[in-house]
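Worksheet: the structure to be examined is printed underneath.
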Amino acid sequence: MDASFDVIAVAVQDHGVAPPGVTDRENRFHLIEEKVGRGIESFAYLDAVPENLSRMHSIFESVKRWHEGHVLLMDTGPAAVLGSLEDERIKEKKHRICINVGNAHTIAMSLNEDRIAGVFEHHTKLLDKQRLAYYIKKLSDGNITFKEVFDDGGHGALAIEENQPEIISVTGPKRAKMKGLGIFSAPAGDMMMTGPVGLIKAVLNLL
């Protein structure tokens with residue numbers, strides 16, 4: 001079998017190494033909030049990974065020991081959100097909110113065109129459909145706050161502008177828990193492909 005791939009792309013969730021006096025939850029959200037105002041591909045790292053992202057950096061170093069081509073690392077939630085945008089029903093809209101309901105974490109991104117207008121991340125086990133709908137409304141209105149989400153046990157939130165979405169999409173392994181909040185995204189007709197499609201899209205954008 002020929003294993004001489006041009007690019008190897010891997011998605012992994014990484015809290016990063018928190019500096020003294022900063023909690024893991026705070027540090028996790030610091031890594032997220034610095035991407036607001038940019039495109040989702042800003043969550044991807046091509047051919048270099050900051051050492052404070054310990055999981056990503058470890059995988060990067062491991063792959064580079066046997067692979068000579070490009071290596072891309074990306075956080076799992078943003079990869080799934082980016083893949084969601086390849087669903088034709090979502091792709092055609094300019095104002096979107098995309099949600100990835102993961103096994104442990106739920107992340108929601110407010111997107112004006114291809115720019116992140118706001119984001120929040122919470123723990124899936126602490127959310128039900130009603131609570132998530134409440135946060136989505138605040139995210140779209142642009143008045144969601146870090147304190148409210150963090151004090152509720154989540155990682156945090158940041159919105160730099162409002163975004164009344166034309167469509168809301170939901171993906172992730174726990175998506176059935178939030179059925180009715182939006183459409184289930186299915187790029188290429190398969191709900192299980194949002195993450196892999198997102199990785200491919202990130203590679204195409206960055207290369």
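Residue numbering restarts at 1 in every chain; chains get A, B, ... in the order shown in the structure tokens, and ligands count up from 1 in that same order.
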
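Taking the backbone of this structure through DSSP, the residues of stretch 88-145 of chain A that come out as strand (DSSP E or B) are His95, Arg96, Ile97, Cys98, Ile99, Asn100, Val101, His105, Thr106, Ile107, Ala108, Met109, Ser110, Leu111, Asn112, Arg115, Ile116, Ala117, Gly118, Val119, Phe120, Glu121, His122 and His123 of chain A.
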
* To do: Name all residues at most 10 Å from stretch 185-190 of chain A (count only C-alpha atoms; drop same-chain ones fewer than 5 positions away) and give them as an NGL selection string.
  => :A and (80-81 or 83-91 or 98-100 or 168-172 or 175 or 195-198)

* To do: Would you mind writing down, as a PyMOL selection string, each residue of stretch 7-101 of chain A that DSSP on the backbone assigns to helix (DSSP H, G or I)?
  => chain A and resi 24-33+40-43+54-64+76-84+88-91

What would the file look like if the residues just selected were written as a PDB file, in the first residue's frame with C-alpha atoms?
```pdb
ATOM      1  CA  ASP A  24      -7.856  24.645  32.424  1.00  0.00           C
ATOM      2  CA  ARG A  25     -11.303  26.008  31.535  1.00  0.00           C
ATOM      3  CA  GLU A  26     -10.024  29.571  31.316  1.00  0.00           C
ATOM      4  CA  ASN A  27      -7.011  28.528  29.278  1.00  0.00           C
ATOM      5  CA  ARG A  28      -9.164  26.486  26.911  1.00  0.00           C
ATOM      6  CA  PHE A  29     -11.326  29.499  26.185  1.00  0.00           C
ATOM      7  CA  HIS A  30      -8.347  31.832  25.778  1.00  0.00           C
ATOM      8  CA  LEU A  31      -7.277  29.566  22.900  1.00  0.00           C
ATOM      9  CA  ILE A  32     -10.748  29.904  21.376  1.00  0.00           C
ATOM     10  CA  GLU A  33     -11.445  33.606  21.861  1.00  0.00           C
ATOM     11  CA  ILE A  40     -12.527  28.943  11.221  1.00  0.00           C
ATOM     12  CA  GLU A  41      -9.375  27.701   9.511  1.00  0.00           C
ATOM     13  CA  SER A  42      -7.470  29.835  12.054  1.00  0.00           C
ATOM     14  CA  PHE A  43      -8.022  26.908  14.446  1.00  0.00           C
ATOM     15  CA  SER A  54       0.681  19.679  24.252  1.00  0.00           C
ATOM     16  CA  ARG A  55      -1.621  17.090  22.649  1.00  0.00           C
ATOM     17  CA  MET A  56      -1.399  18.596  19.172  1.00  0.00           C
ATOM     18  CA  HIS A  57       2.350  19.103  19.467  1.00  0.00           C
ATOM     19  CA  SER A  58       2.879  15.496  20.572  1.00  0.00           C
ATOM     20  CA  ILE A  59       0.886  14.150  17.617  1.00  0.00           C
ATOM     21  CA  PHE A  60       2.669  16.497  15.229  1.00  0.00           C
ATOM     22  CA  GLU A  61       6.086  15.313  16.411  1.00  0.00           C
ATOM     23  CA  SER A  62       4.987  11.682  16.200  1.00  0.00           C
ATOM     24  CA  VAL A  63       3.713  11.991  12.629  1.00  0.00           C
ATOM     25  CA  LYS A  64       6.780  13.919  11.466  1.00  0.00           C
ATOM     26  CA  THR A  76     -12.104  18.752  16.884  1.00  0.00           C
ATOM     27  CA  GLY A  77     -15.064  21.105  17.449  1.00  0.00           C
ATOM     28  CA  PRO A  78     -13.985  23.764  14.939  1.00  0.00           C
ATOM     29  CA  ALA A  79     -13.149  21.023  12.417  1.00  0.00           C
ATOM     30  CA  ALA A  80     -16.726  19.757  12.666  1.00  0.00           C
ATOM     31  CA  VAL A  81     -18.125  23.289  12.365  1.00  0.00           C
ATOM     32  CA  LEU A  82     -15.996  23.942   9.273  1.00  0.00           C
ATOM     33  CA  GLY A  83     -17.189  20.676   7.755  1.00  0.00           C
ATOM     34  CA  SER A  84     -20.803  21.604   8.467  1.00  0.00           C
ATOM     35  CA  GLU A  88     -25.289  22.723   0.523  1.00  0.00           C
ATOM     36  CA  ARG A  89     -28.196  23.970   2.649  1.00  0.00           C
ATOM     37  CA  ILE A  90     -25.766  25.800   4.937  1.00  0.00           C
ATOM     38  CA  LYS A  91     -23.170  26.790   2.357  1.00  0.00           C
TER      39      LYS A  91
END
```

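For the set A:Glu34, A:Glu68, A:Ile97, A:Gly21, the residue with the smallest atom-to-atom gap to A:Asp6 is A:Glu68, counting only C-alpha atoms.
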
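Using only C-alpha atoms, the contacts of A:Val7 at a cut-off of 7 Å, with sequence neighbours closer than 5 positions omitted, comprise Gly69, His70 and Val71 of chain A.
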
Could you save those same residues with C-alpha atoms as a PDB file, in the first residue's frame?
```
ATOM      1  CA  GLY A  69       4.850  15.771   3.678  1.00  0.00           C
ATOM      2  CA  HIS A  70       2.608  18.415   5.222  1.00  0.00           C
ATOM      3  CA  VAL A  71       0.937  17.842   8.614  1.00  0.00           C
TER       4      VAL A  71
END
```

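The environment of A:Ala9 within 8 Å, counting only C-alpha atoms and disregarding residues fewer than 3 places along the same chain, consists of Val71, Leu72, Leu73, Met74, Leu199, Ile200 and Val203 of chain A.
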
* Asked: In Å, how far is it from atom CA of A:Tyr134 to atom CA of A:Gly16?
  -> 28.5 Å

* Please measure the separation of atom CA of A:Leu139 and atom CA of A:Gly153, giving the value in Å to one decimal. => 17.1 Å

* Do you have the atom CA of A:Ala117-atom CA of A:Leu204 distance handy? -> 22.5 Å

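Restricting the calculation to only C-alpha atoms, the smallest distance between A:His105 and any of A:Ile136, A:Lys35, A:Leu53, A:Lys174 is found for A:Lys174.
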
* Asked: Counting only C-alpha atoms, what is within 8 Å of A:Lys93, bar same-chain residues fewer than 5 positions away, as a ChimeraX atom specification?
  -> /A:113,166-167
